[in-house]
$ cat model14.txt   # compact mmCIF, C-alpha atoms and all ligand atoms
# COMPACT_ATOMS: atom_id res chain seq x y z
CA MET A 724 0.00 0.00 0.00
CA THR A 725 1.48 3.32 -0.95
CA GLU A 726 1.04 6.39 1.18
CA ILE A 727 -1.15 8.03 -1.38
CA GLN A 728 -4.02 5.73 -0.51
CA ALA A 729 -3.38 5.58 3.18
CA GLY A 730 -5.62 8.44 4.09
CA SER A 731 -8.55 7.21 2.11
CA GLU A 732 -8.98 3.52 2.68
CA GLU A 733 -11.34 3.81 5.54
CA GLU A 734 -13.23 6.90 4.71
CA GLY A 735 -16.22 5.69 6.67
CA THR A 736 -14.23 5.38 9.88
CA ALA A 737 -13.20 9.03 10.05
CA ALA A 738 -15.30 10.78 12.65
CA ALA A 739 -18.17 12.65 11.06
CA VAL A 740 -17.73 16.26 12.15
CA PRO A 741 -20.09 18.74 10.57
CA SER A 742 -18.29 21.41 8.55
CA SER A 743 -18.53 24.87 10.01
CA PRO A 744 -17.04 27.97 8.49
CA GLN A 745 -15.94 29.02 11.99
CA VAL A 746 -13.92 25.87 12.65
CA PRO A 747 -10.64 25.81 10.70
CA ALA A 748 -10.05 22.75 8.52
CA ILE A 749 -6.52 22.37 9.89
CA GLU A 750 -4.93 23.84 13.02
CA LEU A 751 -1.38 23.42 14.25
CA SER A 752 -0.61 24.67 17.76
CA GLY A 753 2.98 24.96 18.95
CA VAL A 754 4.04 22.03 16.79
CA VAL A 755 7.64 20.91 17.26
CA LYS A 756 9.30 17.95 15.55
CA GLU A 757 12.62 16.60 16.75
CA TYR A 758 14.60 13.80 15.16
CA LEU A 759 17.53 11.95 16.56
CA ALA A 760 20.25 11.96 13.90
CA GLN A 761 23.56 10.29 14.81
CA GLY A 762 23.05 10.84 18.50
CA GLU A 763 22.10 14.50 18.08
CA VAL A 764 18.66 16.06 18.37
CA VAL A 765 17.68 17.85 15.14
CA GLN A 766 14.71 20.22 15.33
CA ALA A 767 13.09 20.00 11.91
CA VAL A 768 10.09 22.08 13.02
CA LYS A 769 10.66 24.50 15.89
CA GLY A 770 7.20 25.65 16.91
CA VAL A 771 4.59 26.22 14.22
CA THR A 772 1.15 27.62 14.98
CA LEU A 773 -1.24 28.24 12.09
CA SER A 774 -4.78 27.58 10.99
CA ILE A 775 -6.10 26.82 7.53
CA ALA A 776 -9.71 27.55 6.56
CA GLY A 777 -11.94 25.02 4.82
CA GLY A 778 -11.67 25.32 1.02
CA GLU A 779 -8.47 27.33 1.24
CA PHE A 780 -5.50 26.85 -1.11
CA PHE A 781 -2.68 27.10 1.41
CA SER A 782 1.03 26.83 0.58
CA LEU A 783 4.04 26.02 2.74
CA LEU A 784 6.92 27.74 0.97
CA GLY A 785 10.60 27.76 1.81
CA PRO A 786 14.08 26.55 0.88
CA SER A 787 15.20 22.96 1.08
CA GLY A 788 15.42 21.70 4.66
CA CYS A 789 13.21 24.42 6.23
CA GLY A 790 10.70 21.87 7.56
CA LYS A 791 7.86 22.07 5.00
CA THR A 792 7.60 18.34 4.33
CA THR A 793 7.84 17.48 8.01
CA THR A 794 5.01 19.93 8.75
CA MET A 795 2.92 18.39 5.97
CA ARG A 796 3.61 14.84 7.18
CA MET A 797 2.42 15.79 10.66
CA ILE A 798 -0.86 17.05 9.18
CA ALA A 799 -1.20 13.76 7.28
CA GLY A 800 -0.29 11.69 10.33
CA PHE A 801 2.84 10.06 8.89
CA GLU A 802 4.83 11.77 11.65
CA ASP A 803 3.80 12.57 15.21
CA PRO A 804 4.80 15.94 16.66
CA SER A 805 7.33 15.85 19.51
CA ARG A 806 5.25 18.62 21.10
CA GLY A 807 2.09 20.53 20.19
CA THR A 808 -1.23 19.50 18.68
CA VAL A 809 -2.77 18.96 15.25
CA ARG A 810 -6.50 19.54 14.85
CA LEU A 811 -8.59 18.67 11.82
CA HIS A 812 -12.04 20.29 11.71
CA GLY A 813 -11.80 21.06 15.42
CA GLN A 814 -10.84 17.52 16.47
CA ASP A 815 -7.51 16.80 18.07
CA VAL A 816 -5.95 14.13 15.81
CA THR A 817 -2.46 14.16 17.34
CA GLY A 818 -1.40 10.50 17.36
CA VAL A 819 -4.31 9.41 15.13
CA PRO A 820 -3.04 7.26 12.20
CA PRO A 821 -3.24 8.61 8.62
CA ASN A 822 -6.04 6.30 7.53
CA ARG A 823 -8.34 7.82 10.14
CA ARG A 824 -7.71 11.45 9.22
CA ASP A 825 -9.78 11.88 6.08
CA VAL A 826 -6.93 13.58 4.24
CA ASN A 827 -5.10 12.40 1.14
CA MET A 828 -1.59 13.09 -0.06
CA VAL A 829 -0.18 13.53 -3.59
CA PHE A 830 3.53 13.26 -4.24
CA GLN A 831 5.98 14.36 -6.89
CA SER A 832 6.47 10.70 -7.88
CA TYR A 833 2.94 9.97 -8.97
CA ALA A 834 2.93 6.48 -7.41
CA LEU A 835 0.49 5.21 -10.02
CA PHE A 836 0.05 1.46 -10.50
CA PRO A 837 1.90 0.78 -13.78
CA HIS A 838 -0.09 -2.35 -14.67
CA MET A 839 -3.44 -0.60 -14.31
CA ASN A 840 -4.98 1.75 -16.82
CA VAL A 841 -6.16 5.25 -15.94
CA TRP A 842 -9.68 4.17 -15.05
CA GLU A 843 -8.50 1.35 -12.79
CA ASN A 844 -5.96 3.59 -11.08
CA VAL A 845 -8.62 6.16 -10.23
CA ALA A 846 -11.22 3.54 -9.23
CA PHE A 847 -8.78 1.60 -7.02
CA GLY A 848 -9.57 3.27 -3.69
CA LEU A 849 -13.32 3.07 -4.22
CA ARG A 850 -13.11 -0.63 -5.17
CA ARG A 851 -11.23 -1.38 -1.95
CA LYS A 852 -13.95 0.34 0.00
CA LYS A 853 -16.49 -1.83 -1.83
CA VAL A 854 -18.39 1.14 -3.22
CA ALA A 855 -21.22 0.01 -5.55
CA GLU A 856 -20.11 -0.38 -9.18
CA ALA A 857 -22.60 2.20 -10.51
CA GLU A 858 -21.36 4.72 -7.98
CA ILE A 859 -17.72 4.00 -8.91
CA LYS A 860 -18.58 4.56 -12.56
CA ARG A 861 -20.22 7.87 -11.79
CA ARG A 862 -17.49 9.20 -9.49
CA VAL A 863 -14.53 8.09 -11.63
CA GLY A 864 -16.19 9.49 -14.77
CA GLU A 865 -16.85 12.80 -13.04
CA MET A 866 -13.30 13.03 -11.68
CA LEU A 867 -11.68 12.25 -15.04
CA GLU A 868 -13.76 15.01 -16.54
CA ILE A 869 -12.59 17.47 -13.89
CA VAL A 870 -8.92 16.65 -14.55
CA ASP A 871 -9.58 16.72 -18.30
CA LEU A 872 -8.70 13.09 -19.04
CA THR A 873 -12.03 11.89 -20.44
CA GLY A 874 -11.28 9.62 -23.42
CA ARG A 875 -7.97 8.40 -22.00
CA GLU A 876 -9.45 5.84 -19.60
CA ARG A 877 -7.67 2.86 -21.17
CA ARG A 878 -4.17 4.32 -21.27
CA ARG A 879 -1.45 2.92 -19.04
CA PRO A 880 0.64 5.41 -17.01
CA ARG A 881 3.73 4.84 -19.21
CA GLU A 882 1.71 5.88 -22.26
CA MET A 883 1.06 9.32 -20.79
CA SER A 884 3.01 12.54 -20.31
CA GLY A 885 4.23 13.65 -16.87
CA GLY A 886 1.46 16.23 -16.64
CA GLN A 887 -1.19 13.67 -17.54
CA GLN A 888 0.16 11.19 -15.00
CA GLN A 889 0.05 13.86 -12.32
CA ARG A 890 -3.58 14.56 -13.21
CA VAL A 891 -4.36 10.83 -12.82
CA ALA A 892 -2.69 10.92 -9.39
CA LEU A 893 -4.78 13.95 -8.53
CA ALA A 894 -8.01 12.27 -9.70
CA ARG A 895 -7.12 9.17 -7.71
CA ALA A 896 -6.72 11.23 -4.54
CA LEU A 897 -9.77 13.43 -5.12
CA VAL A 898 -12.18 10.63 -6.04
CA ASN A 899 -12.21 9.59 -2.36
CA ASN A 900 -13.62 13.02 -1.58
CA PRO A 901 -11.14 13.76 1.23
CA ARG A 902 -11.72 16.84 3.35
CA ALA A 903 -8.18 18.01 2.64
CA LEU A 904 -5.62 17.21 -0.02
CA LEU A 905 -1.93 17.52 0.84
CA LEU A 906 0.38 18.01 -2.14
CA ASP A 907 4.16 17.70 -1.74
CA GLU A 908 5.95 19.36 -4.67
CA PRO A 909 3.56 17.58 -7.06
CA LEU A 910 4.81 19.45 -10.14
CA GLY A 911 8.51 19.17 -9.38
CA ALA A 912 9.20 16.58 -12.09
CA LEU A 913 7.62 18.61 -14.90
CA ASP A 914 9.38 21.03 -17.22
CA LEU A 915 8.74 24.75 -16.75
CA LYS A 916 6.04 25.22 -19.46
CA LEU A 917 4.05 22.21 -18.31
CA ARG A 918 4.47 23.19 -14.68
CA GLN A 919 3.05 26.63 -15.37
CA ALA A 920 0.10 25.16 -17.26
CA MET A 921 -0.53 22.67 -14.43
CA GLN A 922 -0.46 25.45 -11.83
CA ILE A 923 -3.43 27.11 -13.51
CA GLU A 924 -5.10 23.68 -13.88
CA LEU A 925 -4.59 22.82 -10.22
CA LYS A 926 -6.07 26.09 -9.08
CA ARG A 927 -9.10 25.54 -11.34
CA ILE A 928 -9.58 21.98 -10.07
CA GLN A 929 -9.30 23.12 -6.45
CA ARG A 930 -11.91 25.81 -7.05
CA GLU A 931 -14.19 23.30 -8.73
CA VAL A 932 -14.01 20.62 -6.02
CA GLY A 933 -13.86 23.13 -3.13
CA ILE A 934 -11.53 20.90 -1.08
CA THR A 935 -8.84 22.37 1.22
CA PHE A 936 -5.43 22.10 -0.51
CA VAL A 937 -2.17 22.28 1.41
CA TYR A 938 0.68 22.65 -1.05
CA VAL A 939 4.39 22.25 -0.30
CA THR A 940 6.83 23.98 -2.64
CA HIS A 941 10.19 25.70 -2.72
CA ASP A 942 9.14 27.57 -5.90
CA GLN A 943 7.99 31.07 -4.99
CA SER A 944 6.26 31.81 -8.32
CA GLU A 945 4.26 28.59 -7.96
CA ALA A 946 3.08 29.60 -4.49
CA LEU A 947 2.27 33.15 -5.63
CA THR A 948 0.26 31.86 -8.62
CA MET A 949 -2.00 29.43 -6.81
CA SER A 950 -2.34 30.21 -3.13
CA ASP A 951 -4.99 32.02 -1.14
CA ARG A 952 -2.37 32.29 1.61
CA ILE A 953 1.28 31.36 1.94
CA ALA A 954 3.30 30.44 5.03
CA VAL A 955 6.95 31.25 4.29
CA MET A 956 9.12 28.90 6.34
CA ASN A 957 12.75 29.28 7.29
CA ASP A 958 14.75 27.02 9.58
CA GLY A 959 11.76 25.27 11.15
CA LEU A 960 9.67 28.39 11.72
CA VAL A 961 7.03 30.38 9.84
CA GLU A 962 8.50 33.81 9.05
CA GLN A 963 5.37 35.27 7.48
CA LEU A 964 1.85 34.05 6.83
CA ALA A 965 -0.20 36.17 4.45
CA PRO A 966 -1.88 36.31 1.01
CA PRO A 967 0.54 36.31 -1.96
CA ARG A 968 0.27 40.02 -2.65
CA GLU A 969 1.10 40.93 0.92
CA ILE A 970 4.03 38.49 1.04
CA TYR A 971 5.42 40.06 -2.10
CA GLU A 972 4.56 43.71 -1.47
CA ARG A 973 5.13 43.79 2.29
CA PRO A 974 7.75 41.20 3.22
CA ALA A 975 7.98 41.00 7.01
CA THR A 976 11.64 39.99 7.24
CA ALA A 977 14.85 40.23 5.23
CA PHE A 978 14.60 36.49 4.60
CA VAL A 979 11.11 36.75 3.07
CA ALA A 980 12.14 39.76 0.98
CA GLY A 981 15.15 37.89 -0.39
CA PHE A 982 13.39 34.57 -0.94
CA ILE A 983 10.35 35.95 -2.79
CA GLY A 984 11.35 37.61 -6.04
CA THR A 985 14.19 40.09 -6.31
CA SER A 986 14.51 42.67 -3.61
CA ASN A 987 16.84 45.50 -2.66
CA LEU A 988 17.95 45.86 0.92
CA LEU A 989 19.01 49.33 2.06
CA GLY A 990 19.98 50.58 5.46
CA GLY A 991 20.06 54.04 6.99
CA THR A 992 19.88 56.07 10.17
CA VAL A 993 16.68 57.91 11.08
CA GLU A 994 17.37 61.63 10.60
CA ARG A 995 13.90 63.12 11.04
CA THR A 996 10.46 61.80 11.95
CA GLY A 997 6.95 63.10 11.39
CA ALA A 998 3.38 61.87 11.78
CA GLY A 999 3.52 58.45 10.13
CA TRP A 1000 6.86 58.85 8.37
CA ALA A 1001 10.62 59.04 8.84
CA VAL A 1002 13.59 60.07 6.70
CA LEU A 1003 16.71 57.89 6.61
CA ARG A 1004 20.21 58.96 5.66
CA ALA A 1005 23.08 56.71 4.65
CA GLY A 1006 26.53 56.93 3.15
CA TYR A 1007 25.31 58.09 -0.23
CA GLN A 1008 23.64 61.13 -1.69
CA GLY A 1009 19.87 61.16 -1.24
CA ARG A 1010 17.27 60.10 1.33
CA ILE A 1011 14.89 57.24 1.99
CA LEU A 1012 11.35 57.85 3.18
CA VAL A 1013 9.65 55.16 5.24
CA GLU A 1014 6.12 55.01 6.58
CA GLY A 1015 5.26 54.23 10.19
CA ASP A 1016 5.35 55.83 13.63
CA ALA A 1017 7.74 53.47 15.36
CA HIS A 1018 10.98 55.13 14.19
CA VAL A 1019 13.16 57.09 16.56
CA THR A 1020 15.84 59.60 15.50
CA GLY A 1021 19.26 57.92 15.44
CA ASP A 1022 17.87 54.38 14.99
CA ARG A 1023 19.35 52.12 12.31
CA VAL A 1024 16.60 50.89 10.00
CA ALA A 1025 16.70 48.34 7.18
CA VAL A 1026 14.22 48.67 4.34
CA THR A 1027 13.38 46.68 1.22
CA VAL A 1028 12.21 48.00 -2.11
CA ARG A 1029 11.19 45.94 -5.13
CA PRO A 1030 13.08 46.58 -8.40
CA GLU A 1031 9.94 47.36 -10.40
CA LYS A 1032 8.89 50.16 -8.02
CA ILE A 1033 11.99 52.22 -8.79
CA THR A 1034 12.23 54.90 -11.48
CA ILE A 1035 15.52 55.95 -13.08
CA SER A 1036 16.03 59.59 -14.00
CA ALA A 1037 18.90 61.86 -14.95
CA GLY A 1038 17.81 64.81 -12.79
CA GLU A 1039 17.06 64.82 -9.07
CA PRO A 1040 13.38 63.96 -8.51
CA GLU A 1041 11.20 66.45 -6.65
CA GLY A 1042 8.48 65.87 -4.07
CA ASP A 1043 8.03 63.45 -1.20
CA VAL A 1044 9.79 60.48 -2.71
CA SER A 1045 12.79 58.38 -1.75
CA ALA A 1046 15.69 59.37 -4.01
CA VAL A 1047 19.23 58.07 -4.08
CA ARG A 1048 22.09 58.78 -6.44
CA GLY A 1049 24.33 56.17 -8.00
CA THR A 1050 26.11 54.99 -11.12
CA VAL A 1051 24.79 52.42 -13.57
CA SER A 1052 27.13 49.43 -13.48
CA GLU A 1053 25.15 46.95 -15.58
CA VAL A 1054 22.28 46.99 -18.08
CA VAL A 1055 20.71 43.71 -19.16
CA TYR A 1056 18.03 43.51 -21.85
CA LEU A 1057 15.47 40.86 -20.85
CA GLY A 1058 12.79 41.35 -23.50
CA LEU A 1059 9.86 42.35 -21.35
CA TYR A 1060 12.03 44.65 -19.27
CA ASN A 1061 15.56 45.96 -18.73
CA SER A 1062 17.42 45.13 -15.56
CA TYR A 1063 19.77 47.86 -14.31
CA THR A 1064 22.33 47.49 -11.57
CA VAL A 1065 23.10 50.81 -9.93
CA ARG A 1066 25.98 51.20 -7.49
CA LEU A 1067 25.63 53.73 -4.66
CA ALA A 1068 28.53 55.65 -3.10
CA ASP A 1069 28.63 53.26 -0.11
CA GLY A 1070 29.05 50.27 -2.43
CA ALA A 1071 25.46 48.97 -2.16
CA GLU A 1072 24.05 47.69 -5.46
CA ILE A 1073 20.44 48.34 -6.36
CA THR A 1074 18.52 46.37 -8.99
CA VAL A 1075 15.95 48.24 -11.04
CA PHE A 1076 13.49 46.74 -13.54
CA GLN A 1077 12.11 49.07 -16.18
CA GLN A 1078 9.44 47.72 -18.46
CA ASN A 1079 10.10 47.98 -22.18
CA ALA A 1080 6.85 49.79 -22.89
CA LEU A 1081 6.24 51.52 -26.21
CA ASP A 1082 6.70 54.93 -24.68
CA SER A 1083 9.67 53.93 -22.56
CA THR A 1084 11.97 56.92 -22.27
CA SER A 1085 14.56 55.27 -20.05
CA THR A 1086 17.91 55.21 -21.79
CA ALA A 1087 20.37 54.95 -18.94
CA GLU A 1088 23.73 53.63 -20.08
CA ARG A 1089 26.49 51.83 -18.26
CA GLY A 1090 28.71 54.31 -16.40
CA GLU A 1091 26.03 57.02 -16.30
CA ALA A 1092 25.25 58.86 -13.03
CA VAL A 1093 21.52 58.60 -12.29
CA TRP A 1094 18.86 59.18 -9.63
CA LEU A 1095 16.67 56.35 -8.41
CA SER A 1096 13.34 57.25 -6.87
CA TRP A 1097 10.29 55.53 -5.40
CA GLN A 1098 7.23 56.30 -3.32
CA ALA A 1099 7.47 56.22 0.47
CA ARG A 1100 4.89 53.42 0.60
CA HIS A 1101 7.20 51.18 -1.41
CA SER A 1102 9.98 51.05 1.20
CA TYR A 1103 9.24 48.59 3.95
CA ALA A 1104 11.09 48.65 7.20
CA ILE A 1105 11.81 45.04 8.06
CA GLY A 1106 12.93 42.94 11.00
CA SER A 1107 16.06 40.85 10.69
N1 LIG B 1 13.80 11.34 9.56
C1 LIG B 1 14.65 12.33 9.79
N2 LIG B 1 15.72 12.18 10.61
C2 LIG B 1 16.55 13.21 10.86
N3 LIG B 1 16.43 14.43 10.33
C3 LIG B 1 15.39 14.67 9.52
C4 LIG B 1 14.45 13.63 9.20
N4 LIG B 1 13.52 14.17 8.35
C5 LIG B 1 13.89 15.44 8.16
N5 LIG B 1 15.00 15.74 8.85
C6 LIG B 1 15.68 17.06 8.87
O1 LIG B 1 14.74 18.05 9.22
C7 LIG B 1 14.91 19.23 8.44
C8 LIG B 1 13.63 19.55 7.70
O2 LIG B 1 13.37 18.56 6.72
P1 LIG B 1 12.13 18.65 5.71
O3 LIG B 1 12.16 17.44 4.85
O4 LIG B 1 10.89 18.89 6.48
O5 LIG B 1 12.48 19.94 4.89
P2 LIG B 1 11.83 20.49 3.55
O6 LIG B 1 11.65 21.95 3.78
O7 LIG B 1 10.64 19.72 3.18
O8 LIG B 1 13.01 20.28 2.51
P3 LIG B 1 12.96 19.77 0.97
O9 LIG B 1 12.37 20.88 0.19
O10 LIG B 1 14.40 19.54 0.68
O11 LIG B 1 12.14 18.53 0.97
C9 LIG B 1 16.10 18.94 7.55
O12 LIG B 1 17.23 19.52 8.14
C10 LIG B 1 16.20 17.44 7.51
O13 LIG B 1 17.51 17.03 7.32
$ encode --input "model14.txt" --output "structure tokens" --more "lines below"
Ligand SMILES: Nc1ncnc2c1ncn2[C@@H]1O[C@H](COP(=O)(O)OP(=O)(O)OP(=O)(O)O)[C@@H](O)[C@H]1O
Amino acid sequence: MTEIQAGSEEEGTAAAVPSSPQVPAIELSGVVKEYLAQGEVVQAVKGVTLSIAGGEFFSLLGPSGCGKTTTMRMIAGFEDPSRGTVRLHGQDVTGVPPNRRDVNMVFQSYALFPHMNVWENVAFGLRRKKVAEAEIKRRVGEMLEIVDLTGRERRRPREMSGGQQQRVALARALVNNPRALLLDEPLGALDLKLRQAMQIELKRIQREVGITFVYVTHDQSEALTMSDRIAVMNDGLVEQLAPPREIYERPATAFVAGFIGTSNLLGGTVERTGAGWAVLRAGYQGRILVEGDAHVTGDRVAVTVRPEKITISAGEPEGDVSAVRGTVSEVVYLGLYNSYTVRLADGAEITVFQQNALDSTSTAERGEAVWLSWQARHSYAIGS
């Protein structure tokens, strides 16, 4: 028996808890996971508390080794937390085996049965549960339609593309009608084009079936594309939990800013403060405006600014904007946009993306002295 089926075999035995929009589908409270590796205690997960709403597309995002898979496996029941609790639909399931959790898991390696055709692969779980043949026919047919594989029922897995095989794996997990589907890097084996197409597909399927999806990935664009909310993990902890736009536009820490997209980190000392703003100075010509009331004159503050929020100009910009002076050290043409690297007097390098629009007037050349400017609301003071 592969893990993919483990959560679904005994659907009838999972406690029937009525769904309520107030009760989260999944709740982790103070979850810690320790392993003993060569006599030493390794903390894979160092204390994660989060809750996932029913029907939500929720992603665990972070670099290799940050604890995403371990967190996911504790939700599924393949691992028990060393401390803390896991609740599914309000019920404490800590210590409850996977087959009594009413969740299913999909892996990068599709784990399809090679000797069975598509139909048999999808029907497998229902057959084991002795579901009536007419009902199997109806549910498998419906599921194959949702994953867009109608007409390919008789194919064997080896006769299908990677994307098609992953859709069979998805249908096989969803046909059991689990209350949550856990997906561990399910698109990792696909090439970029197919992966992008499958991301849109997955989101559509999730919307259609309305099941809670928990998605593990180290690919930030994948998480941004599909998720309702993202938990960015680093070294066993959640650094930020927010919708994609907020994660991207308002990174809470330097780690999140650096991990999601390209970001510029600048530091300065608070020179002046006002109602809801502060001005920073650093070892280069110009000033940085930041929003917020928490800044005190003399404090060191680190801020991030995204490359696409910055404008390049020859003359010094006027008005209440951040503006710093530097020299263009690199210009790279990337089709949709140009990427400029601008070096400031203190040695910091700033990346700027300027879209290649029809009316683009930006013509900065390598070696040219320029001003970079952006709105105060686009610099975010961050924690370390
Ligand atoms: N069974 C185990 N025994 C000892 N250490 C483990 C075990 N499983 C995981 N770890 C360690 O715990 C940490 C988190 O692992 P985990 O697999 O959860 O990370 P991940 O974020 O999913 O990484 P990846 O993207 O590479 O799969 C790693 O440092 C890993 O080496």
$ closest_atom_pairs --input "model14.txt" --of "chain A" --to "ligand LIG 1 (chain B)" --cutoff "9 Å" --atoms "all atoms listed in the file" --output "tab-separated table"
residue	atom	partner	partner_atom	distance
A:Lys756	CA	B:LIG1	O1	8.3
A:Glu757	CA	B:LIG1	N3	7.8
A:Tyr758	CA	B:LIG1	C2	4.8
A:Leu759	CA	B:LIG1	C2	5.9
A:Ala760	CA	B:LIG1	C2	4.9
A:Gln761	CA	B:LIG1	C2	8.6
A:Val764	CA	B:LIG1	C2	8.3
A:Val765	CA	B:LIG1	N3	6.0
A:Gln766	CA	B:LIG1	O1	6.5
A:Ala767	CA	B:LIG1	O1	3.7
A:Val768	CA	B:LIG1	C8	6.9
A:Leu783	CA	B:LIG1	O6	8.7
A:Leu784	CA	B:LIG1	O6	8.0
A:Gly785	CA	B:LIG1	O6	6.2
A:Pro786	CA	B:LIG1	O6	6.0
A:Ser787	CA	B:LIG1	O10	3.5
A:Gly788	CA	B:LIG1	O5	3.4
A:Cys789	CA	B:LIG1	O6	3.8
A:Gly790	CA	B:LIG1	O4	3.2
A:Lys791	CA	B:LIG1	O6	4.0
A:Thr792	CA	B:LIG1	O7	3.5
A:Thr793	CA	B:LIG1	O4	3.7
A:Thr794	CA	B:LIG1	O4	6.4
A:Met795	CA	B:LIG1	O4	8.0
A:Arg796	CA	B:LIG1	O4	8.4
A:Asp907	CA	B:LIG1	O7	8.4
A:Glu908	CA	B:LIG1	O9	8.2
A:Val939	CA	B:LIG1	O7	7.6
A:Thr940	CA	B:LIG1	O9	7.0
A:His941	CA	B:LIG1	O9	6.0
A:Met956	CA	B:LIG1	O6	7.8
A:Asn957	CA	B:LIG1	O6	8.2
A:Asp958	CA	B:LIG1	C8	7.8
A:Gly959	CA	B:LIG1	C8	6.9
$ residues_around --input "model14.txt" --residues "stretch 778-782 of chain A" --least-positions-apart "5" --cutoff "6 Å" --atoms "all atoms listed in the file" --output "list in words"
Gly933, Ile934, Thr935, Phe936, Val937, Tyr938, Val939, Ser950, Asp951, Arg952 and Ile953 of chain A
$ atom_distance --input "model14.txt" --atom1 "atom CA of A:Ala998" --atom2 "atom CA of A:Asp1016"
6.6 Å
$ atom_distance --input "model14.txt" --atom1 "atom CA of A:Lys860" --atom2 "atom CA of A:Gln887"
20.3 Å
$ atom_distance --input "model14.txt" --atom1 "atom CA of A:Arg995" --atom2 "atom CA of A:Ile1033"
22.7 Å
$ closest_residue --input "model14.txt" --among "A:Val863, A:Asn844, A:Glu962, A:Ile923" --to "A:Glu945" --atoms "only C-alpha atoms"
A:Ile923
$ closest_residue --input "model14.txt" --among "A:Pro880, A:Arg875, A:Ala1099, A:Thr772" --to "A:Ala954" --atoms "only C-alpha atoms"
A:Thr772
$ closest_residue --input "model14.txt" --among "A:Ala1001, A:Met866, A:Ala977, A:Val829" --to "A:Ala1017" --atoms "only C-alpha atoms"
A:Ala1001
$ residues_around --input "model14.txt" --residues "A:Ile798" --least-positions-apart "5" --cutoff "10 Å" --atoms "only C-alpha atoms" --output "tab-separated table (two decimals) with C-alpha atoms, in the frame of the given file"
chain	number	residue	atom	x	y	z
A	749	ILE	CA	-6.52	22.37	9.89
A	750	GLU	CA	-4.93	23.84	13.02
A	751	LEU	CA	-1.38	23.42	14.25
A	792	THR	CA	7.60	18.34	4.33
A	793	THR	CA	7.84	17.48	8.01
A	803	ASP	CA	3.80	12.57	15.21
A	804	PRO	CA	4.80	15.94	16.66
A	808	THR	CA	-1.23	19.50	18.68
A	809	VAL	CA	-2.77	18.96	15.25
A	810	ARG	CA	-6.50	19.54	14.85
A	811	LEU	CA	-8.59	18.67	11.82
A	816	VAL	CA	-5.95	14.13	15.81
A	817	THR	CA	-2.46	14.16	17.34
A	821	PRO	CA	-3.24	8.61	8.62
A	824	ARG	CA	-7.71	11.45	9.22
A	826	VAL	CA	-6.93	13.58	4.24
A	903	ALA	CA	-8.18	18.01	2.64
A	905	LEU	CA	-1.93	17.52	0.84
A	937	VAL	CA	-2.17	22.28	1.41
$ residues_around --input "model14.txt" --residues "A:Thr985" --least-positions-apart "5" --cutoff "12 Å" --atoms "only C-alpha atoms" --output "PDB file with C-alpha atoms, in the coordinates of the input"
ATOM      1  CA  GLN A 943       7.990  31.070  -4.990  1.00  0.00           C
ATOM      2  CA  SER A 944       6.260  31.810  -8.320  1.00  0.00           C
ATOM      3  CA  TYR A 971       5.420  40.060  -2.100  1.00  0.00           C
ATOM      4  CA  GLU A 972       4.560  43.710  -1.470  1.00  0.00           C
ATOM      5  CA  PRO A 974       7.750  41.200   3.220  1.00  0.00           C
ATOM      6  CA  ALA A 977      14.850  40.230   5.230  1.00  0.00           C
ATOM      7  CA  PHE A 978      14.600  36.490   4.600  1.00  0.00           C
ATOM      8  CA  VAL A 979      11.110  36.750   3.070  1.00  0.00           C
ATOM      9  CA  ALA A 980      12.140  39.760   0.980  1.00  0.00           C
ATOM     10  CA  THR A1027      13.380  46.680   1.220  1.00  0.00           C
ATOM     11  CA  VAL A1028      12.210  48.000  -2.110  1.00  0.00           C
ATOM     12  CA  ARG A1029      11.190  45.940  -5.130  1.00  0.00           C
ATOM     13  CA  PRO A1030      13.080  46.580  -8.400  1.00  0.00           C
ATOM     14  CA  GLU A1031       9.940  47.360 -10.400  1.00  0.00           C
ATOM     15  CA  LYS A1032       8.890  50.160  -8.020  1.00  0.00           C
ATOM     16  CA  SER A1062      17.420  45.130 -15.560  1.00  0.00           C
ATOM     17  CA  ILE A1073      20.440  48.340  -6.360  1.00  0.00           C
ATOM     18  CA  THR A1074      18.520  46.370  -8.990  1.00  0.00           C
ATOM     19  CA  VAL A1075      15.950  48.240 -11.040  1.00  0.00           C
ATOM     20  CA  PHE A1076      13.490  46.740 -13.540  1.00  0.00           C
TER      21      PHE A1076
END
$ residues_around --input "model14.txt" --residues "A:Ala1046" --least-positions-apart "4" --cutoff "8 Å" --atoms "all atoms listed in the file" --output "number ranges by chain"
A: 1009-1011, 1039-1040, 1094-1097
$ closest_residue --input "model14.txt" --among "A:Ile1035, A:Val891, A:Val845, A:Ala946" --to "A:Asp871" --atoms "all atoms listed in the file"
A:Val891
$ build_atoms --input "model14.txt" --residues "stretch 1067-1071 of chain A" --atoms "N, CA and C atoms" --output "compact mmCIF listing (two decimals), in the coordinates of the input"
# COMPACT_ATOMS: atom_id res chain seq x y z
N LEU A 1067 25.67 52.49 -5.46
CA LEU A 1067 25.63 53.73 -4.66
C LEU A 1067 27.02 54.03 -4.11
N ALA A 1068 27.20 55.22 -3.58
CA ALA A 1068 28.53 55.65 -3.10
C ALA A 1068 29.07 54.74 -1.99
N ASP A 1069 28.15 54.13 -1.19
CA ASP A 1069 28.63 53.26 -0.11
C ASP A 1069 28.87 51.82 -0.58
N GLY A 1070 28.76 51.59 -1.88
CA GLY A 1070 29.05 50.27 -2.43
C GLY A 1070 27.82 49.39 -2.62
N ALA A 1071 26.68 49.79 -2.02
CA ALA A 1071 25.46 48.97 -2.16
C ALA A 1071 25.03 48.95 -3.63
